[in-house]
2 protein chains.
Amino acid sequence: MKKYNVAVVGALGAVGQEMIKTLEQRNFPVHRLKPLDIASNKGKEVFFNGEKVYVETAEKGAFEDVDIALFSAGGDASTLLAPIAVEENTIVIDNSSAWRMDPTVPLVVPEVNPEDLDSHKGLISNPNCSTIQMMVALKPIHDAYTIKRIVVSTYQAVSGSGQKAINELNQQAKDYASAKKMVHTVYPYQIAFNALPHIDIFMDNGYTKEEMKMVNETKKILCEDIKISATTVRVPVFRCHSESINIEVEKKIDIDNVIKLLTSAAGITVQDCPKTNTYPLAIDVAGKDDVFIGRIRKDFSIENGLNMWVVSDNLRKGAALNAVQIAETLVQRNLL
Amino acid sequence: MKKYNVAVVGALGAVGQEMIKTLEQRNFPVHRLKPLDIASNKGKEVFFNGEKVYVETAEKGAFEDVDIALFSAGGDASTLLAPIAVEENTIVIDNSSAWRMDPTVPLVVPEVNPEDLDSHKGLISNPNCSTIQMMVALKPIHDAYTIKRIVVSTYQAVSGSGQKAINELNQQAKDYASAKKMVHTVYPYQIAFNALPHIDIFMDNGYTKEEMKMVNETKKILCEDIKISATTVRVPVFRCHSESINIEVEKKIDIDNVIKLLTSAAGITVQDCPKTNTYPLAIDVAGKDDVFIGRIRKDFSIENGLNMWVVSDNLRKGAALNAVQIAETLVQRNLL
């Protein structure tokens, strides 16, 4: 089996670390792992398959011996470095939002639109974490019933803002416990014991960039005709995003059949039994690969609608795992 | 000015304590405060206007010298004792869900449907906390544009489950900080760093009782024709419920006018300026009387829709304050 030189750009970040772990866990055919990060992190160590690997600087020339580069170092790094890597004949799978809406760049969730990879030109975008889990959950329903409109409200974990935000919630919880003043630097307000209706920056239309990512990426991945309205909210959860999703479909909907479709779909675990208080929970889903779905029920306010509760690990399926699955799909489809 | 003998039933609970504080803060014309609770709490002290008052037992006969009784001792106590109190010529304002859907019982938010008090027969219901704040927020919009459909997802504080739940989140935060195992008895799962899509019991239709309260109470208070779909979620917040509300209206909607209507409405504070990260937050609204509204923006997925973020103190406007305002309205309308 052919093996590949794989770079992880942003190797020391929360998602970068998860990418290295995921490559290892899924036995991706790695010939050599090349962790890249900003110059000041050069020489730091990461571990891959039990061996120390030293971080090198992410810069022009660093991709010449790399087949695949998984980028998760923020939008600016991707804007600058991804085209350089492509020029050095590396296939880039980029976790930032920088290239997602570029019409020449495939935006892919492997369970949903793997065929979009076929036309790639070296650069592939990994969708936003809150979009990915919604796409996995909605694809089987869209195929069977044709989704017309989505209204989604999210309950997003702090790990979506990186390791500093994880540390901030951790510190606030500890300061609360010892009756110290809670301080914040990552978020504009205290996140512990609070709910912030604000993720990423505000746009001119009153929505946040996170909300518009969910709107625009859904249209690109699933179907241009789907109408969607999103409210994205940060909650004091360390890991896993939860989503309250309401959809309206074109065809007559049958809840038992929806549950059957979701149960047999790839990448989904249905956890739905009200009688035994069974529904997905952020603290249980952490570290797991699937998208977990529960609270599936008919929406009685319209003719053909339903509600559901969708939970997934934002660092795994929402980022690292989806990126590695894109790499795996490239291998399967002979697109490398 | 006439003064009244006021009983608070469930005087030692989280809401009962807030009711006593609210009567005091709002200078309700109290002649004598009579705190009532279960027999085992008899003789315990509460404070009213700086004076000690001793708890008496809530039982038959206890209401004979009482003009108004504010009940917040759970559904069973209200089912049993409210009719007894009414028989003893006491006007009951009941915070439980026991009587809310009884067609002979007014269900009132004073800013929304005060006229429903005119036909009272001694027993008046205080709506569910998550319903009250939504009604205050939606009434000015419904009057101007006629609401057709609501899709709401909630972010509810643990204080909605009483003092024991407040203690449970507090203890879990402290156990987390000292790396101890977090235990739970009030909720079926750990609430700290989690989001539970489960409030109150599950009904046969797959919805929780809390969700159906929002549906049925909205129809009774605002308009029978409104369609509504709710997902209610408990989050690790001590106090104040937040709600992501999506509505569709009949008439052509103008966001600037909506903001004007909400700004001038009684009981509402608009906090909405994305440029300065201004939106309502649970930790800020705690202890305040108004319903706070922000993130007001057009829903581009339908012709006439909007989204907003509504936060209110579930123990005050969501319970104690609304009950005391009902009593005040009864006085104003000469209905005592």
# chains A, B, ... in the order shown; residues from 1 in each chain; ligands from 1
>>> interface_residues(of="chain B", to="chain A", cutoff="7 Å", atoms="only C-alpha atoms", output="PDB file with all heavy atoms, in the first residue's frame")
ATOM      1  N   SER B 153     -35.986  27.570  20.796  1.00  0.00           N
ATOM      2  CA  SER B 153     -35.071  26.674  21.518  1.00  0.00           C
ATOM      3  C   SER B 153     -34.603  27.422  22.757  1.00  0.00           C
ATOM      4  O   SER B 153     -34.216  28.585  22.666  1.00  0.00           O
ATOM      5  CB  SER B 153     -33.866  26.313  20.652  1.00  0.00           C
ATOM      6  OG  SER B 153     -34.274  25.537  19.548  1.00  0.00           O
ATOM      7  N   ALA B 173     -19.517  22.097  40.176  1.00  0.00           N
ATOM      8  CA  ALA B 173     -18.440  23.025  39.799  1.00  0.00           C
ATOM      9  C   ALA B 173     -17.289  22.912  40.794  1.00  0.00           C
ATOM     10  O   ALA B 173     -16.113  22.907  40.409  1.00  0.00           O
ATOM     11  CB  ALA B 173     -18.973  24.450  39.741  1.00  0.00           C
ATOM     12  N   LYS B 174     -17.624  22.810  42.064  1.00  0.00           N
ATOM     13  CA  LYS B 174     -16.574  22.691  43.089  1.00  0.00           C
ATOM     14  C   LYS B 174     -15.856  21.341  42.996  1.00  0.00           C
ATOM     15  O   LYS B 174     -14.636  21.274  43.153  1.00  0.00           O
ATOM     16  CB  LYS B 174     -17.190  22.886  44.478  1.00  0.00           C
ATOM     17  CG  LYS B 174     -17.598  24.338  44.681  1.00  0.00           C
ATOM     18  CD  LYS B 174     -18.115  24.649  46.065  1.00  0.00           C
ATOM     19  CE  LYS B 174     -18.293  26.161  46.170  1.00  0.00           C
ATOM     20  NZ  LYS B 174     -19.023  26.561  47.367  1.00  0.00           N
ATOM     21  N   ALA B 177     -13.468  21.470  40.159  1.00  0.00           N
ATOM     22  CA  ALA B 177     -12.274  22.275  40.478  1.00  0.00           C
ATOM     23  C   ALA B 177     -11.291  21.503  41.350  1.00  0.00           C
ATOM     24  O   ALA B 177     -10.081  21.698  41.257  1.00  0.00           O
ATOM     25  CB  ALA B 177     -12.685  23.572  41.161  1.00  0.00           C
ATOM     26  N   PHE B 193     -21.006  21.650  32.594  1.00  0.00           N
ATOM     27  CA  PHE B 193     -20.295  21.421  31.331  1.00  0.00           C
ATOM     28  C   PHE B 193     -21.065  20.506  30.379  1.00  0.00           C
ATOM     29  O   PHE B 193     -20.479  19.716  29.643  1.00  0.00           O
ATOM     30  CB  PHE B 193     -18.889  20.849  31.606  1.00  0.00           C
ATOM     31  CG  PHE B 193     -18.166  21.601  32.681  1.00  0.00           C
ATOM     32  CD1 PHE B 193     -17.858  20.991  33.893  1.00  0.00           C
ATOM     33  CD2 PHE B 193     -17.834  22.939  32.506  1.00  0.00           C
ATOM     34  CE1 PHE B 193     -17.220  21.696  34.901  1.00  0.00           C
ATOM     35  CE2 PHE B 193     -17.199  23.648  33.509  1.00  0.00           C
ATOM     36  CZ  PHE B 193     -16.880  23.032  34.715  1.00  0.00           C
ATOM     37  N   ASN B 194     -22.400  20.604  30.419  1.00  0.00           N
ATOM     38  CA  ASN B 194     -23.244  19.734  29.615  1.00  0.00           C
ATOM     39  C   ASN B 194     -24.482  20.516  29.180  1.00  0.00           C
ATOM     40  O   ASN B 194     -24.702  21.643  29.632  1.00  0.00           O
ATOM     41  CB  ASN B 194     -23.643  18.518  30.476  1.00  0.00           C
ATOM     42  CG  ASN B 194     -23.929  17.265  29.658  1.00  0.00           C
ATOM     43  OD1 ASN B 194     -23.809  17.258  28.435  1.00  0.00           O
ATOM     44  ND2 ASN B 194     -24.315  16.205  30.345  1.00  0.00           N
ATOM     45  N   ALA B 195     -25.277  19.938  28.308  1.00  0.00           N
ATOM     46  CA  ALA B 195     -26.554  20.543  27.896  1.00  0.00           C
ATOM     47  C   ALA B 195     -27.572  19.412  27.817  1.00  0.00           C
ATOM     48  O   ALA B 195     -27.373  18.466  27.041  1.00  0.00           O
ATOM     49  CB  ALA B 195     -26.403  21.240  26.541  1.00  0.00           C
ATOM     50  N   LEU B 196     -28.634  19.483  28.625  1.00  0.00           N
ATOM     51  CA  LEU B 196     -29.626  18.396  28.707  1.00  0.00           C
ATOM     52  C   LEU B 196     -30.896  18.775  27.950  1.00  0.00           C
ATOM     53  O   LEU B 196     -31.610  19.683  28.377  1.00  0.00           O
ATOM     54  CB  LEU B 196     -30.009  18.102  30.156  1.00  0.00           C
ATOM     55  CG  LEU B 196     -28.918  17.852  31.189  1.00  0.00           C
ATOM     56  CD1 LEU B 196     -29.550  17.475  32.540  1.00  0.00           C
ATOM     57  CD2 LEU B 196     -27.996  16.748  30.754  1.00  0.00           C
ATOM     58  N   PHE B 202     -41.220  13.388  29.999  1.00  0.00           N
ATOM     59  CA  PHE B 202     -41.562  13.180  28.594  1.00  0.00           C
ATOM     60  C   PHE B 202     -43.031  12.806  28.454  1.00  0.00           C
ATOM     61  O   PHE B 202     -43.579  12.044  29.260  1.00  0.00           O
ATOM     62  CB  PHE B 202     -40.697  12.066  27.980  1.00  0.00           C
ATOM     63  CG  PHE B 202     -39.329  12.544  27.593  1.00  0.00           C
ATOM     64  CD1 PHE B 202     -38.224  12.249  28.382  1.00  0.00           C
ATOM     65  CD2 PHE B 202     -39.141  13.298  26.448  1.00  0.00           C
ATOM     66  CE1 PHE B 202     -36.953  12.697  28.039  1.00  0.00           C
ATOM     67  CE2 PHE B 202     -37.872  13.750  26.086  1.00  0.00           C
ATOM     68  CZ  PHE B 202     -36.782  13.449  26.879  1.00  0.00           C
ATOM     69  N   GLY B 206     -43.549  12.505  22.422  1.00  0.00           N
ATOM     70  CA  GLY B 206     -42.115  12.702  22.213  1.00  0.00           C
ATOM     71  C   GLY B 206     -41.611  14.039  22.718  1.00  0.00           C
ATOM     72  O   GLY B 206     -40.404  14.259  22.803  1.00  0.00           O
ATOM     73  N   LYS B 227     -49.116  28.833  15.683  1.00  0.00           N
ATOM     74  CA  LYS B 227     -48.464  27.521  15.640  1.00  0.00           C
ATOM     75  C   LYS B 227     -47.122  27.663  16.347  1.00  0.00           C
ATOM     76  O   LYS B 227     -46.435  28.675  16.179  1.00  0.00           O
ATOM     77  CB  LYS B 227     -48.216  27.087  14.191  1.00  0.00           C
ATOM     78  CG  LYS B 227     -49.446  27.142  13.295  1.00  0.00           C
ATOM     79  CD  LYS B 227     -50.446  26.090  13.688  1.00  0.00           C
ATOM     80  CE  LYS B 227     -51.614  26.057  12.706  1.00  0.00           C
ATOM     81  NZ  LYS B 227     -52.713  25.240  13.254  1.00  0.00           N
ATOM     82  N   ILE B 228     -46.740  26.643  17.102  1.00  0.00           N
ATOM     83  CA  ILE B 228     -45.486  26.766  17.836  1.00  0.00           C
ATOM     84  C   ILE B 228     -44.809  25.423  18.036  1.00  0.00           C
ATOM     85  O   ILE B 228     -45.474  24.414  18.277  1.00  0.00           O
ATOM     86  CB  ILE B 228     -45.707  27.510  19.176  1.00  0.00           C
ATOM     87  CG1 ILE B 228     -44.537  27.312  20.137  1.00  0.00           C
ATOM     88  CG2 ILE B 228     -46.987  27.122  19.850  1.00  0.00           C
ATOM     89  CD1 ILE B 228     -44.544  28.283  21.287  1.00  0.00           C
ATOM     90  N   SER B 229     -43.503  25.440  17.897  1.00  0.00           N
ATOM     91  CA  SER B 229     -42.686  24.245  18.091  1.00  0.00           C
ATOM     92  C   SER B 229     -41.554  24.613  19.051  1.00  0.00           C
ATOM     93  O   SER B 229     -40.871  25.616  18.852  1.00  0.00           O
ATOM     94  CB  SER B 229     -42.117  23.821  16.733  1.00  0.00           C
ATOM     95  OG  SER B 229     -41.496  22.568  16.855  1.00  0.00           O
ATOM     96  N   THR B 231     -38.200  23.392  21.699  1.00  0.00           N
ATOM     97  CA  THR B 231     -37.194  22.463  22.221  1.00  0.00           C
ATOM     98  C   THR B 231     -36.607  23.125  23.467  1.00  0.00           C
ATOM     99  O   THR B 231     -36.034  24.212  23.386  1.00  0.00           O
ATOM    100  CB  THR B 231     -36.078  22.213  21.190  1.00  0.00           C
ATOM    101  OG1 THR B 231     -36.661  21.654  20.010  1.00  0.00           O
ATOM    102  CG2 THR B 231     -35.018  21.249  21.741  1.00  0.00           C
ATOM    103  N   PRO B 236     -25.833  24.730  32.016  1.00  0.00           N
ATOM    104  CA  PRO B 236     -25.208  25.006  33.316  1.00  0.00           C
ATOM    105  C   PRO B 236     -25.102  26.503  33.610  1.00  0.00           C
ATOM    106  O   PRO B 236     -24.017  27.083  33.627  1.00  0.00           O
ATOM    107  CB  PRO B 236     -23.839  24.332  33.209  1.00  0.00           C
ATOM    108  CG  PRO B 236     -23.577  24.199  31.749  1.00  0.00           C
ATOM    109  CD  PRO B 236     -24.886  24.138  31.053  1.00  0.00           C
ATOM    110  N   VAL B 237     -26.262  27.110  33.815  1.00  0.00           N
ATOM    111  CA  VAL B 237     -26.395  28.527  34.169  1.00  0.00           C
ATOM    112  C   VAL B 237     -27.201  28.530  35.468  1.00  0.00           C
ATOM    113  O   VAL B 237     -28.135  27.745  35.605  1.00  0.00           O
ATOM    114  CB  VAL B 237     -27.140  29.286  33.043  1.00  0.00           C
ATOM    115  CG1 VAL B 237     -27.586  30.659  33.492  1.00  0.00           C
ATOM    116  CG2 VAL B 237     -26.301  29.364  31.780  1.00  0.00           C
ATOM    117  N   PHE B 238     -26.832  29.368  36.418  1.00  0.00           N
ATOM    118  CA  PHE B 238     -27.561  29.365  37.682  1.00  0.00           C
ATOM    119  C   PHE B 238     -28.929  30.039  37.560  1.00  0.00           C
ATOM    120  O   PHE B 238     -29.918  29.539  38.045  1.00  0.00           O
ATOM    121  CB  PHE B 238     -26.748  30.060  38.791  1.00  0.00           C
ATOM    122  CG  PHE B 238     -25.651  29.201  39.328  1.00  0.00           C
ATOM    123  CD1 PHE B 238     -24.323  29.470  39.038  1.00  0.00           C
ATOM    124  CD2 PHE B 238     -25.950  28.089  40.104  1.00  0.00           C
ATOM    125  CE1 PHE B 238     -23.310  28.651  39.525  1.00  0.00           C
ATOM    126  CE2 PHE B 238     -24.941  27.266  40.605  1.00  0.00           C
ATOM    127  CZ  PHE B 238     -23.614  27.557  40.312  1.00  0.00           C
ATOM    128  N   SER B 244     -33.744  31.339  22.098  1.00  0.00           N
ATOM    129  CA  SER B 244     -33.538  31.664  20.692  1.00  0.00           C
ATOM    130  C   SER B 244     -34.890  31.507  20.015  1.00  0.00           C
ATOM    131  O   SER B 244     -35.394  30.393  19.870  1.00  0.00           O
ATOM    132  CB  SER B 244     -32.505  30.705  20.105  1.00  0.00           C
ATOM    133  OG  SER B 244     -32.491  30.794  18.700  1.00  0.00           O
ATOM    134  N   PRO B 274     -24.734  44.967  17.820  1.00  0.00           N
ATOM    135  CA  PRO B 274     -23.651  44.050  17.479  1.00  0.00           C
ATOM    136  C   PRO B 274     -22.277  44.736  17.479  1.00  0.00           C
ATOM    137  O   PRO B 274     -21.297  44.131  17.905  1.00  0.00           O
ATOM    138  CB  PRO B 274     -24.022  43.566  16.076  1.00  0.00           C
ATOM    139  CG  PRO B 274     -25.505  43.730  15.996  1.00  0.00           C
ATOM    140  CD  PRO B 274     -25.818  44.954  16.813  1.00  0.00           C
ATOM    141  N   LEU B 281     -27.372  38.902  28.424  1.00  0.00           N
ATOM    142  CA  LEU B 281     -26.645  37.753  28.965  1.00  0.00           C
ATOM    143  C   LEU B 281     -27.254  37.336  30.298  1.00  0.00           C
ATOM    144  O   LEU B 281     -27.550  38.191  31.141  1.00  0.00           O
ATOM    145  CB  LEU B 281     -25.181  38.127  29.202  1.00  0.00           C
ATOM    146  CG  LEU B 281     -24.336  38.412  27.972  1.00  0.00           C
ATOM    147  CD1 LEU B 281     -22.977  38.939  28.398  1.00  0.00           C
ATOM    148  CD2 LEU B 281     -24.183  37.144  27.128  1.00  0.00           C
ATOM    149  N   ALA B 282     -27.350  36.038  30.504  1.00  0.00           N
ATOM    150  CA  ALA B 282     -27.940  35.509  31.739  1.00  0.00           C
ATOM    151  C   ALA B 282     -27.282  36.107  32.980  1.00  0.00           C
ATOM    152  O   ALA B 282     -27.976  36.535  33.911  1.00  0.00           O
ATOM    153  CB  ALA B 282     -27.829  33.974  31.757  1.00  0.00           C
ATOM    154  N   ILE B 283     -25.956  36.163  32.997  1.00  0.00           N
ATOM    155  CA  ILE B 283     -25.306  36.632  34.231  1.00  0.00           C
ATOM    156  C   ILE B 283     -25.584  38.103  34.517  1.00  0.00           C
ATOM    157  O   ILE B 283     -25.500  38.533  35.657  1.00  0.00           O
ATOM    158  CB  ILE B 283     -23.766  36.387  34.236  1.00  0.00           C
ATOM    159  CG1 ILE B 283     -23.105  37.045  33.030  1.00  0.00           C
ATOM    160  CG2 ILE B 283     -23.435  34.911  34.320  1.00  0.00           C
ATOM    161  CD1 ILE B 283     -21.586  37.159  33.201  1.00  0.00           C
ATOM    162  N   ARG B 297     -33.090  40.382  14.312  1.00  0.00           N
ATOM    163  CA  ARG B 297     -32.650  40.446  12.914  1.00  0.00           C
ATOM    164  C   ARG B 297     -33.624  39.695  12.020  1.00  0.00           C
ATOM    165  O   ARG B 297     -34.284  38.755  12.464  1.00  0.00           O
ATOM    166  CB  ARG B 297     -31.239  39.848  12.777  1.00  0.00           C
ATOM    167  CG  ARG B 297     -31.131  38.397  13.198  1.00  0.00           C
ATOM    168  CD  ARG B 297     -29.766  38.072  13.791  1.00  0.00           C
ATOM    169  NE  ARG B 297     -29.543  36.621  13.863  1.00  0.00           N
ATOM    170  CZ  ARG B 297     -29.966  35.862  14.883  1.00  0.00           C
ATOM    171  NH1 ARG B 297     -30.625  36.359  15.896  1.00  0.00           N
ATOM    172  NH2 ARG B 297     -29.722  34.563  14.851  1.00  0.00           N
ATOM    173  N   ASP B 299     -35.162  37.209   9.438  1.00  0.00           N
ATOM    174  CA  ASP B 299     -34.877  35.840   9.024  1.00  0.00           C
ATOM    175  C   ASP B 299     -34.976  35.810   7.508  1.00  0.00           C
ATOM    176  O   ASP B 299     -36.063  35.954   6.949  1.00  0.00           O
ATOM    177  CB  ASP B 299     -35.904  34.895   9.669  1.00  0.00           C
ATOM    178  CG  ASP B 299     -35.813  33.489   9.104  1.00  0.00           C
ATOM    179  OD1 ASP B 299     -34.968  33.240   8.225  1.00  0.00           O
ATOM    180  OD2 ASP B 299     -36.590  32.628   9.558  1.00  0.00           O
ATOM    181  N   PHE B 300     -33.835  35.627   6.846  1.00  0.00           N
ATOM    182  CA  PHE B 300     -33.818  35.666   5.384  1.00  0.00           C
ATOM    183  C   PHE B 300     -34.342  34.374   4.745  1.00  0.00           C
ATOM    184  O   PHE B 300     -34.398  34.265   3.530  1.00  0.00           O
ATOM    185  CB  PHE B 300     -32.387  35.953   4.882  1.00  0.00           C
ATOM    186  CG  PHE B 300     -31.866  37.287   5.330  1.00  0.00           C
ATOM    187  CD1 PHE B 300     -30.867  37.375   6.294  1.00  0.00           C
ATOM    188  CD2 PHE B 300     -32.398  38.458   4.809  1.00  0.00           C
ATOM    189  CE1 PHE B 300     -30.394  38.606   6.716  1.00  0.00           C
ATOM    190  CE2 PHE B 300     -31.931  39.695   5.226  1.00  0.00           C
ATOM    191  CZ  PHE B 300     -30.930  39.774   6.186  1.00  0.00           C
ATOM    192  N   SER B 301     -34.704  33.384   5.553  1.00  0.00           N
ATOM    193  CA  SER B 301     -35.156  32.108   4.988  1.00  0.00           C
ATOM    194  C   SER B 301     -36.651  32.092   4.671  1.00  0.00           C
ATOM    195  O   SER B 301     -37.146  31.132   4.077  1.00  0.00           O
ATOM    196  CB  SER B 301     -34.801  30.959   5.934  1.00  0.00           C
ATOM    197  OG  SER B 301     -35.699  30.881   7.020  1.00  0.00           O
TER     198      SER B 301
END
>>> select_by_dssp(residues="segment 85-303 of chain A", states="strand (DSSP E or B)", output="ChimeraX atom specification")
/A:91-94,107,123-125,147-156,196,202,208,227-231,234,241-249,268-270,273,278,291-298
>>> closest_residue(among="B:Pro103, B:Val46, B:Lys164, B:Ala319", to="Asp116 of chain B", atoms="only C-alpha atoms")
B:Pro103
>>> residues_around(residues="Ser96 of chain A", least_positions_apart="5", cutoff="9 Å", atoms="only C-alpha atoms", output="list in words")
Phe71, Ser72, Ala73, Gly74, Gly75, Asp76, Ala77, Ser78, Thr79, Ser125, Asn126, Pro127 and Asn128 of chain A
>>> write_last_selection(atoms="N, CA and C atoms", output="short mmCIF file (atom, residue, chain, number, x, y, z; two decimals), in the first residue's frame")
data_model
loop_
_atom_site.label_atom_id
_atom_site.label_comp_id
_atom_site.auth_asym_id
_atom_site.auth_seq_id
_atom_site.Cartn_x
_atom_site.Cartn_y
_atom_site.Cartn_z
N PHE A 71 -4.34 21.51 7.26
CA PHE A 71 -4.14 22.85 7.83
C PHE A 71 -5.15 23.13 8.93
N SER A 72 -4.67 23.54 10.09
CA SER A 72 -5.59 24.09 11.09
C SER A 72 -4.83 25.12 11.92
N ALA A 73 -4.48 26.21 11.26
CA ALA A 73 -3.68 27.24 11.91
C ALA A 73 -4.33 28.61 11.77
N GLY A 74 -5.65 28.60 11.46
CA GLY A 74 -6.37 29.87 11.33
C GLY A 74 -6.42 30.35 9.90
N GLY A 75 -7.34 31.29 9.66
CA GLY A 75 -7.62 31.77 8.31
C GLY A 75 -6.43 32.47 7.66
N ASP A 76 -5.69 33.26 8.42
CA ASP A 76 -4.58 34.01 7.83
C ASP A 76 -3.49 33.08 7.32
N ALA A 77 -3.14 32.08 8.14
CA ALA A 77 -2.12 31.11 7.73
C ALA A 77 -2.56 30.37 6.48
N SER A 78 -3.84 30.00 6.41
CA SER A 78 -4.33 29.27 5.25
C SER A 78 -4.35 30.14 4.01
N THR A 79 -4.76 31.41 4.17
CA THR A 79 -4.80 32.32 3.03
C THR A 79 -3.41 32.46 2.41
N SER A 125 -11.53 22.23 1.16
CA SER A 125 -11.88 22.83 2.45
C SER A 125 -12.68 21.87 3.31
N ASN A 126 -12.37 21.89 4.59
CA ASN A 126 -13.12 21.18 5.62
C ASN A 126 -14.18 22.16 6.11
N PRO A 127 -15.46 21.77 6.14
CA PRO A 127 -16.49 22.74 6.56
C PRO A 127 -16.35 23.11 8.05
N ASN A 128 -17.14 24.12 8.42
CA ASN A 128 -17.23 24.56 9.80
C ASN A 128 -17.78 23.43 10.68
#
